[in-house]
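Structure record follows, encoded as structure tokens.
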Amino acid sequence: HLRLELREAIQQKQFNLFYQPLVHPSTGRVKGVEALVRWCHPERGYIFPDVFIPLAERTGQIVAIGQWVVEKACLDIAEWNRQHNTQLTVSVNISPLQFGRTGFLEGLNYVLEISHLSPELLKIEITEGVIITGAERTVEILKSVRALGVQVAIDDFGTGYSSLAYLTLLPLKKIKIDKSFVFRLPDDRKSIKLLEAIYNIAKAFQLEAIPEGVENEKQLQILSMIGYKLFQGFFFGKPVPTYEFLKRLTKE
């Protein structure tokens, strides 16, 4: 039933983008945004991605949804940057199915052309699931993505079993640290040690490491003391619809 409704949702463009800020607390400035898709169901209101994304991945509909997300996010942020003379980056999650299909690179190129967004302001975020499905091909695709000028980040870093090996193979710029590590702060000593280790590894590989799921001042203080500089989480702002997000930015 939901499967048929999802097909209709794609045809009728029932999707919306919400944006969550990436913040530099030392200056309080928003440096970038992550685009998060929501399904605006005509009867049930907003349906969250954890409900419909797994279904869309099983049916292959994720490819059409994913391409729409990249397009909309790039058009929104390019427009915002033009109007306000800013250089916000935009991060978009790419599903394994979308990443692996032929035409993925052409799709990225097309979006950059129509939006006139500088390629280095677009970040694609992939999970380790993408890499595990075919490491050699993944490396080739990611090298082509980097050749376009687009940045690549690993999302939910630390939850897979093979993160470290891939740091030597992949042309990465950033790692997003899974919120399960941050959630245990400030009380869990082992999580602090782990976050220190990840920070040092990222530094050694010249990667920007961004902790996700920062929800309070104490977590932020510990992470800042370790050395992290850019953060994402409810403490800085929940994902909100475009107009609300832009309203917040305009106040800065």
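Identifiers in this document derive from the order of the structure tokens: chains are assigned A, B, ..., residues are numbered from 1 separately in each chain, and ligands are numbered from 1 in order of occurrence.
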Residues near stretch 70-84 of chain A, cut-off 8 Å, only C-alpha atoms, skip fewer than 6 positions along chain, as a short mmCIF file (atom, residue, chain, number, x, y, z; two decimals) with all heavy atoms, in the first residue's frame:
```
data_model
loop_
_atom_site.label_atom_id
_atom_site.label_comp_id
_atom_site.auth_asym_id
_atom_site.auth_seq_id
_atom_site.Cartn_x
_atom_site.Cartn_y
_atom_site.Cartn_z
N LEU A 17 12.35 19.42 1.29
CA LEU A 17 13.66 19.35 1.92
C LEU A 17 13.66 20.13 3.22
O LEU A 17 13.12 21.23 3.29
CB LEU A 17 14.73 19.94 0.99
CG LEU A 17 15.22 19.05 -0.14
CD1 LEU A 17 16.45 19.66 -0.78
CD2 LEU A 17 15.52 17.64 0.32
N ALA A 35 21.01 18.63 3.71
CA ALA A 35 19.66 18.54 3.17
C ALA A 35 19.07 17.19 3.56
O ALA A 35 19.70 16.15 3.36
CB ALA A 35 19.70 18.66 1.65
N VAL A 90 26.52 22.59 0.89
CA VAL A 90 25.33 21.77 1.08
C VAL A 90 25.72 20.30 1.00
O VAL A 90 26.42 19.88 0.08
CB VAL A 90 24.20 22.14 0.08
CG1 VAL A 90 24.64 21.96 -1.37
CG2 VAL A 90 22.94 21.33 0.37
N VAL A 92 24.55 16.26 0.91
CA VAL A 92 23.41 15.43 0.48
C VAL A 92 23.80 13.97 0.67
O VAL A 92 24.90 13.55 0.29
CB VAL A 92 23.09 15.69 -1.01
CG1 VAL A 92 21.92 14.84 -1.45
CG2 VAL A 92 22.79 17.16 -1.26
N LEU A 108 25.13 14.28 -11.42
CA LEU A 108 25.78 15.31 -10.60
C LEU A 108 26.20 16.50 -11.45
O LEU A 108 26.01 17.66 -11.09
CB LEU A 108 27.04 14.75 -9.93
CG LEU A 108 26.92 14.03 -8.59
CD1 LEU A 108 28.31 13.76 -8.02
CD2 LEU A 108 26.09 14.80 -7.58
N VAL A 111 23.26 18.67 -12.45
CA VAL A 111 22.79 19.50 -11.33
C VAL A 111 23.69 20.71 -11.14
O VAL A 111 23.22 21.83 -10.91
CB VAL A 111 22.72 18.65 -10.04
CG1 VAL A 111 22.57 19.52 -8.82
CG2 VAL A 111 21.56 17.67 -10.12
N LEU A 112 25.00 20.49 -11.22
CA LEU A 112 25.94 21.61 -11.06
C LEU A 112 25.76 22.64 -12.18
O LEU A 112 25.83 23.84 -11.94
CB LEU A 112 27.39 21.10 -11.04
CG LEU A 112 27.77 20.27 -9.81
CD1 LEU A 112 29.10 19.57 -10.01
CD2 LEU A 112 27.82 21.14 -8.55
N ILE A 114 22.90 23.23 -13.99
CA ILE A 114 21.64 24.00 -13.93
C ILE A 114 21.57 24.92 -12.71
O ILE A 114 20.90 25.94 -12.73
CB ILE A 114 20.37 23.10 -14.00
CG1 ILE A 114 20.31 22.13 -12.80
CG2 ILE A 114 20.27 22.37 -15.32
CD1 ILE A 114 18.93 21.52 -12.60
N SER A 115 22.29 24.55 -11.64
CA SER A 115 22.20 25.37 -10.42
C SER A 115 23.28 26.44 -10.36
O SER A 115 23.17 27.40 -9.60
CB SER A 115 22.32 24.48 -9.18
OG SER A 115 23.61 23.90 -9.11
N HIS A 116 24.36 26.26 -11.14
CA HIS A 116 25.53 27.15 -11.08
C HIS A 116 26.15 27.17 -9.67
O HIS A 116 26.73 28.17 -9.27
CB HIS A 116 25.18 28.58 -11.52
CG HIS A 116 24.59 28.66 -12.90
ND1 HIS A 116 25.32 28.36 -14.03
CD2 HIS A 116 23.34 28.96 -13.32
CE1 HIS A 116 24.54 28.49 -15.11
NE2 HIS A 116 23.33 28.84 -14.70
N LEU A 117 25.99 26.08 -8.94
CA LEU A 117 26.64 25.98 -7.63
C LEU A 117 28.10 25.61 -7.85
O LEU A 117 28.41 24.73 -8.66
CB LEU A 117 25.96 24.88 -6.79
CG LEU A 117 26.47 24.73 -5.35
CD1 LEU A 117 25.94 25.86 -4.46
CD2 LEU A 117 26.05 23.39 -4.75
N LEU A 122 29.38 21.56 -2.89
CA LEU A 122 28.51 20.38 -2.79
C LEU A 122 29.30 19.24 -2.13
O LEU A 122 30.43 18.95 -2.52
CB LEU A 122 28.03 19.93 -4.17
CG LEU A 122 27.24 18.61 -4.23
CD1 LEU A 122 25.98 18.67 -3.39
CD2 LEU A 122 26.90 18.25 -5.67
#
```
- request: Identify, with DSSP run on backbone atoms, the residues in stretch 37-189 of chain A assigned to strand (DSSP E or B), and express the list as a ChimeraX atom specification.
  value: /A:37-41,45-47,89-93,122-126,151-157,174-177
Save out the residues we just selected, N, CA and C atoms, as an mmCIF file, in the first residue's frame.
```
data_model
loop_
_atom_site.group_PDB
_atom_site.id
_atom_site.type_symbol
_atom_site.label_atom_id
_atom_site.label_comp_id
_atom_site.auth_asym_id
_atom_site.auth_seq_id
_atom_site.Cartn_x
_atom_site.Cartn_y
_atom_site.Cartn_z
ATOM 1 N N VAL A 37 15.488 14.812 3.420
ATOM 2 C CA VAL A 37 14.211 14.724 2.698
ATOM 3 C C VAL A 37 13.074 14.323 3.653
ATOM 4 N N ARG A 38 11.917 14.910 3.432
ATOM 5 C CA ARG A 38 10.690 14.560 4.158
ATOM 6 C C ARG A 38 9.584 14.327 3.130
ATOM 7 N N TRP A 39 8.741 13.356 3.421
ATOM 8 C CA TRP A 39 7.598 13.085 2.546
ATOM 9 C C TRP A 39 6.382 13.778 3.152
ATOM 10 N N CYS A 40 5.842 14.711 2.404
ATOM 11 C CA CYS A 40 4.680 15.465 2.884
ATOM 12 C C CYS A 40 3.420 14.763 2.376
ATOM 13 N N HIS A 41 2.959 13.777 3.144
ATOM 14 C CA HIS A 41 1.834 12.934 2.747
ATOM 15 C C HIS A 41 0.532 13.733 2.871
ATOM 16 N N GLY A 45 0.451 13.812 6.845
ATOM 17 C CA GLY A 45 1.438 14.846 7.177
ATOM 18 C C GLY A 45 2.850 14.353 6.879
ATOM 19 N N TYR A 46 3.814 14.888 7.596
ATOM 20 C CA TYR A 46 5.204 14.526 7.300
ATOM 21 C C TYR A 46 5.515 13.090 7.701
ATOM 22 N N ILE A 47 6.092 12.354 6.754
ATOM 23 C CA ILE A 47 6.568 11.002 7.040
ATOM 24 C C ILE A 47 8.098 11.061 7.027
ATOM 25 N N THR A 89 28.024 25.623 2.190
ATOM 26 C CA THR A 89 28.115 24.309 1.536
ATOM 27 C C THR A 89 26.794 23.571 1.758
ATOM 28 N N VAL A 90 26.525 22.593 0.894
ATOM 29 C CA VAL A 90 25.327 21.768 1.084
ATOM 30 C C VAL A 90 25.719 20.295 0.996
ATOM 31 N N SER A 91 25.300 19.527 2.016
ATOM 32 C CA SER A 91 25.599 18.087 2.066
ATOM 33 C C SER A 91 24.350 17.298 1.721
ATOM 34 N N VAL A 92 24.545 16.262 0.909
ATOM 35 C CA VAL A 92 23.414 15.431 0.480
ATOM 36 C C VAL A 92 23.796 13.967 0.668
ATOM 37 N N ASN A 93 22.886 13.207 1.266
ATOM 38 C CA ASN A 93 23.125 11.760 1.441
ATOM 39 C C ASN A 93 22.820 11.016 0.143
ATOM 40 N N LEU A 122 29.380 21.561 -2.891
ATOM 41 C CA LEU A 122 28.513 20.377 -2.786
ATOM 42 C C LEU A 122 29.303 19.243 -2.128
ATOM 43 N N LYS A 123 28.702 18.647 -1.094
ATOM 44 C CA LYS A 123 29.333 17.491 -0.438
ATOM 45 C C LYS A 123 28.396 16.314 -0.573
ATOM 46 N N ILE A 124 28.882 15.218 -1.097
ATOM 47 C CA ILE A 124 28.041 14.023 -1.076
ATOM 48 C C ILE A 124 28.488 13.153 0.099
ATOM 49 N N GLU A 125 27.495 12.649 0.820
ATOM 50 C CA GLU A 125 27.781 11.816 1.985
ATOM 51 C C GLU A 125 27.373 10.379 1.671
ATOM 52 N N ILE A 126 28.331 9.488 1.839
ATOM 53 C CA ILE A 126 28.030 8.068 1.612
ATOM 54 C C ILE A 126 28.296 7.302 2.910
ATOM 55 N N GLN A 151 32.999 17.526 -3.076
ATOM 56 C CA GLN A 151 33.627 16.915 -1.900
ATOM 57 C C GLN A 151 32.921 15.610 -1.518
ATOM 58 N N VAL A 152 33.674 14.740 -0.864
ATOM 59 C CA VAL A 152 33.119 13.446 -0.453
ATOM 60 C C VAL A 152 33.308 13.268 1.051
ATOM 61 N N ALA A 153 32.240 12.854 1.732
ATOM 62 C CA ALA A 153 32.323 12.592 3.173
ATOM 63 C C ALA A 153 31.775 11.206 3.464
ATOM 64 N N ILE A 154 32.346 10.559 4.464
ATOM 65 C CA ILE A 154 31.782 9.292 4.967
ATOM 66 C C ILE A 154 30.837 9.645 6.108
ATOM 67 N N ASP A 155 29.612 9.167 6.019
ATOM 68 C CA ASP A 155 28.605 9.442 7.043
ATOM 69 C C ASP A 155 28.591 8.310 8.071
ATOM 70 N N ASP A 156 28.122 8.607 9.273
ATOM 71 C CA ASP A 156 28.016 7.602 10.358
ATOM 72 C C ASP A 156 29.347 6.897 10.601
ATOM 73 N N PHE A 157 30.430 7.658 10.536
ATOM 74 C CA PHE A 157 31.762 7.059 10.686
ATOM 75 C C PHE A 157 31.898 6.379 12.047
ATOM 76 N N LYS A 174 36.031 14.602 4.279
ATOM 77 C CA LYS A 174 35.427 14.742 5.610
ATOM 78 C C LYS A 174 34.930 13.397 6.120
ATOM 79 N N ILE A 175 34.848 13.318 7.450
ATOM 80 C CA ILE A 175 34.132 12.205 8.048
ATOM 81 C C ILE A 175 33.105 12.782 9.019
ATOM 82 N N LYS A 176 31.904 12.222 8.991
ATOM 83 C CA LYS A 176 30.856 12.629 9.932
ATOM 84 C C LYS A 176 30.794 11.536 11.000
ATOM 85 N N ILE A 177 31.043 11.915 12.244
ATOM 86 C CA ILE A 177 31.151 10.910 13.308
ATOM 87 C C ILE A 177 29.766 10.568 13.847
#
```
Next item on the list: Mind the document's chain letters and residue numbers, and return as a ChimeraX atom specification the residues of stretch 49-240 of chain A that DSSP labels alpha helix (DSSP H).
Entry: /A:49-59,62-84,96-100,104-115,128-132,135-148,163-169,179-183,189-204,217-226
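Candidate residues A:Gly149, A:Pro25, A:Leu246, A:Leu121 were compared for distance to A:Leu223, and the nearest is A:Pro25, using only C-alpha atoms.
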Residues of stretch 128-206 of chain A within 8 Å of stretch 97-105 of chain A: nearest atom pair and distance (Å, one decimal) for each, counting only C-alpha atoms, sorted by chain and number, as a Markdown table?
```
| residue | atom | partner | partner_atom | distance |
| --- | --- | --- | --- | --- |
| A:Val130 | CA | A:Phe99 | CA | 7.5 |
| A:Thr138 | CA | A:Gly100 | CA | 7.9 |
| A:Ile141 | CA | A:Leu105 | CA | 7.8 |
| A:Ser144 | CA | A:Leu105 | CA | 7.6 |
| A:Val145 | CA | A:Leu105 | CA | 6.9 |
```
Would you list the contacts of A:Ser26 as a list in words, taking every protein, DNA or RNA residue within 12 Å and counting only C-alpha atoms, but skipping same-chain residues closer than 3 positions in sequence?
Val23, Arg29, Val30, Lys31, Leu220, Gln221, Ser224, Gly227, Tyr228, Lys229, Leu230 and Phe231 of chain A
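Residues in contact range of A:Glu215, defined as at most 12 Å between only C-alpha atoms, with sequence neighbours fewer than 2 positions away removed, read Lys179, Ser180, Val182, Phe183, Arg184, Leu185, Pro186, Pro211, Glu212, Gly213, Glu217, Lys218, Gln219, Leu220, Gln221, Leu223, Phe231, Gln232, Gly233, Phe234, Phe235, Phe236, Gly237 and Lys238 of chain A.
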Can you write just those residues out, N, CA, C and O atoms, as a compact mmCIF listing (two decimals), in the first residue's frame?
```txt
# COMPACT_ATOMS: atom_id res chain seq x y z
N LYS A 179 26.46 9.72 15.72
CA LYS A 179 25.97 10.36 16.96
C LYS A 179 25.96 9.43 18.16
O LYS A 179 25.89 9.89 19.30
N SER A 180 26.06 8.12 17.94
CA SER A 180 26.04 7.20 19.08
C SER A 180 27.24 7.43 20.01
O SER A 180 27.17 7.19 21.21
N VAL A 182 28.71 10.49 20.46
CA VAL A 182 28.48 11.79 21.11
C VAL A 182 27.42 11.65 22.19
O VAL A 182 27.50 12.27 23.25
N PHE A 183 26.42 10.80 21.93
CA PHE A 183 25.29 10.60 22.84
C PHE A 183 25.76 10.21 24.25
O PHE A 183 25.16 10.58 25.23
N ARG A 184 26.87 9.47 24.32
CA ARG A 184 27.33 8.95 25.63
C ARG A 184 28.11 9.99 26.44
O ARG A 184 28.50 9.74 27.57
N LEU A 185 28.39 11.14 25.84
CA LEU A 185 29.10 12.20 26.56
C LEU A 185 28.12 12.91 27.48
O LEU A 185 26.93 12.96 27.19
N PRO A 186 28.58 13.51 28.58
CA PRO A 186 29.97 13.67 29.01
C PRO A 186 30.48 12.56 29.93
O PRO A 186 31.62 12.60 30.36
N PRO A 211 31.48 15.95 14.36
CA PRO A 211 30.62 15.14 15.22
C PRO A 211 29.15 15.48 14.98
O PRO A 211 28.78 16.65 14.91
N GLU A 212 28.31 14.44 14.86
CA GLU A 212 26.87 14.64 14.69
C GLU A 212 26.17 14.38 16.02
O GLU A 212 26.70 13.69 16.89
N GLY A 213 24.96 14.91 16.15
CA GLY A 213 24.14 14.59 17.32
C GLY A 213 24.54 15.36 18.57
O GLY A 213 24.31 14.88 19.68
N GLU A 217 25.45 21.67 25.87
CA GLU A 217 26.67 22.46 26.09
C GLU A 217 27.85 21.60 26.55
O GLU A 217 28.98 21.77 26.10
N LYS A 218 27.57 20.62 27.44
CA LYS A 218 28.66 19.79 27.97
C LYS A 218 29.31 18.96 26.87
O LYS A 218 30.53 18.82 26.82
N GLN A 219 28.48 18.38 26.01
CA GLN A 219 29.02 17.60 24.89
C GLN A 219 29.89 18.50 24.01
O GLN A 219 31.00 18.12 23.61
N LEU A 220 29.39 19.69 23.74
CA LEU A 220 30.13 20.64 22.89
C LEU A 220 31.47 21.00 23.53
O LEU A 220 32.50 21.05 22.85
N GLN A 221 31.47 21.22 24.85
CA GLN A 221 32.72 21.60 25.54
C GLN A 221 33.77 20.50 25.42
O GLN A 221 34.93 20.77 25.11
N LEU A 223 33.97 18.06 23.17
CA LEU A 223 34.39 17.92 21.77
C LEU A 223 35.31 19.06 21.35
O LEU A 223 36.29 18.86 20.63
N PHE A 231 30.32 21.38 13.96
CA PHE A 231 29.39 20.46 14.63
C PHE A 231 28.02 20.49 13.98
O PHE A 231 27.65 21.46 13.33
N GLN A 232 27.28 19.41 14.26
CA GLN A 232 25.90 19.32 13.80
C GLN A 232 25.09 18.66 14.92
O GLN A 232 25.58 17.77 15.60
N GLY A 233 23.85 19.12 15.10
CA GLY A 233 23.01 18.50 16.14
C GLY A 233 21.94 19.46 16.61
O GLY A 233 21.94 20.64 16.28
N PHE A 234 21.01 18.92 17.40
CA PHE A 234 19.86 19.72 17.87
C PHE A 234 20.28 20.94 18.68
O PHE A 234 19.55 21.90 18.77
N PHE A 235 21.47 20.87 19.32
CA PHE A 235 21.95 22.01 20.11
C PHE A 235 22.06 23.27 19.22
O PHE A 235 21.87 24.39 19.69
N PHE A 236 22.36 23.07 17.95
CA PHE A 236 22.53 24.20 17.02
C PHE A 236 21.30 24.43 16.16
O PHE A 236 21.16 25.45 15.51
N GLY A 237 20.43 23.44 16.11
CA GLY A 237 19.24 23.61 15.30
C GLY A 237 18.74 22.28 14.77
O GLY A 237 19.52 21.44 14.33
N LYS A 238 17.41 22.08 14.88
CA LYS A 238 16.81 20.88 14.31
C LYS A 238 16.64 21.09 12.80
O LYS A 238 16.64 22.23 12.33
```
**Asked** Between A:Val214, A:Ile226, A:Val69, A:Ala56, which is the closest to A:Phe18 once you count only C-alpha atoms?
**Response**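 Of the candidates, the smallest distance to A:Phe18 is held by A:Val69.
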Mind checking which residues fall within 9 Å of A:Leu142, counting only C-alpha atoms, ignoring those fewer than 3 positions away in the same chain, and posting them as a PDB file with N, CA, C and O atoms, in the first residue's frame?
```pdb
ATOM      1  N   ARG A 137      35.247  -0.351  -7.603  1.00  0.00           N
ATOM      2  CA  ARG A 137      34.415   0.532  -8.419  1.00  0.00           C
ATOM      3  C   ARG A 137      34.110   1.814  -7.652  1.00  0.00           C
ATOM      4  O   ARG A 137      34.085   2.904  -8.207  1.00  0.00           O
ATOM      5  N   THR A 138      33.886   1.669  -6.342  1.00  0.00           N
ATOM      6  CA  THR A 138      33.611   2.831  -5.498  1.00  0.00           C
ATOM      7  C   THR A 138      34.747   3.839  -5.580  1.00  0.00           C
ATOM      8  O   THR A 138      34.526   5.041  -5.732  1.00  0.00           O
ATOM      9  N   VAL A 139      35.980   3.341  -5.478  1.00  0.00           N
ATOM     10  CA  VAL A 139      37.150   4.227  -5.541  1.00  0.00           C
ATOM     11  C   VAL A 139      37.161   4.974  -6.870  1.00  0.00           C
ATOM     12  O   VAL A 139      37.381   6.191  -6.915  1.00  0.00           O
ATOM     13  N   VAL A 145      34.127  11.817  -8.956  1.00  0.00           N
ATOM     14  CA  VAL A 145      33.365  12.840  -8.221  1.00  0.00           C
ATOM     15  C   VAL A 145      34.315  13.957  -7.791  1.00  0.00           C
ATOM     16  O   VAL A 145      34.029  15.144  -7.938  1.00  0.00           O
ATOM     17  N   ARG A 146      35.486  13.571  -7.262  1.00  0.00           N
ATOM     18  CA  ARG A 146      36.478  14.561  -6.831  1.00  0.00           C
ATOM     19  C   ARG A 146      36.993  15.362  -8.025  1.00  0.00           C
ATOM     20  O   ARG A 146      37.276  16.549  -7.910  1.00  0.00           O
ATOM     21  N   ALA A 147      37.098  14.703  -9.183  1.00  0.00           N
ATOM     22  CA  ALA A 147      37.561  15.405 -10.392  1.00  0.00           C
ATOM     23  C   ALA A 147      36.568  16.502 -10.808  1.00  0.00           C
ATOM     24  O   ALA A 147      36.950  17.520 -11.371  1.00  0.00           O
ATOM     25  N   VAL A 152      33.674  14.740  -0.864  1.00  0.00           N
ATOM     26  CA  VAL A 152      33.119  13.446  -0.453  1.00  0.00           C
ATOM     27  C   VAL A 152      33.308  13.268   1.051  1.00  0.00           C
ATOM     28  O   VAL A 152      34.400  13.507   1.575  1.00  0.00           O
ATOM     29  N   LEU A 170      40.299   5.904  -0.121  1.00  0.00           N
ATOM     30  CA  LEU A 170      39.286   6.775  -0.735  1.00  0.00           C
ATOM     31  C   LEU A 170      39.699   8.241  -0.749  1.00  0.00           C
ATOM     32  O   LEU A 170      40.326   8.722   0.188  1.00  0.00           O
ATOM     33  N   PRO A 171      39.302   8.945  -1.804  1.00  0.00           N
ATOM     34  CA  PRO A 171      39.624  10.381  -1.886  1.00  0.00           C
ATOM     35  C   PRO A 171      38.633  11.201  -1.061  1.00  0.00           C
ATOM     36  O   PRO A 171      37.775  11.893  -1.592  1.00  0.00           O
ATOM     37  N   LEU A 172      38.754  11.111   0.247  1.00  0.00           N
ATOM     38  CA  LEU A 172      37.781  11.749   1.135  1.00  0.00           C
ATOM     39  C   LEU A 172      38.241  13.144   1.547  1.00  0.00           C
ATOM     40  O   LEU A 172      39.423  13.450   1.544  1.00  0.00           O
TER      41      LEU A 172
END
```
Quick one: distance from atom CA of A:Phe181 to atom CA of A:Glu208 in Å, one decimal?
->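 The value is 17.0 Å.
Proximity of A:Val51, A:Leu164, A:Ile10, A:Ile192 to A:Ile222, computed with only C-alpha atoms, is greatest for A:Ile192.
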Expressed in Å, the length from atom CA of A:Ile131 to atom CA of A:Lys143 is 13.2 Å
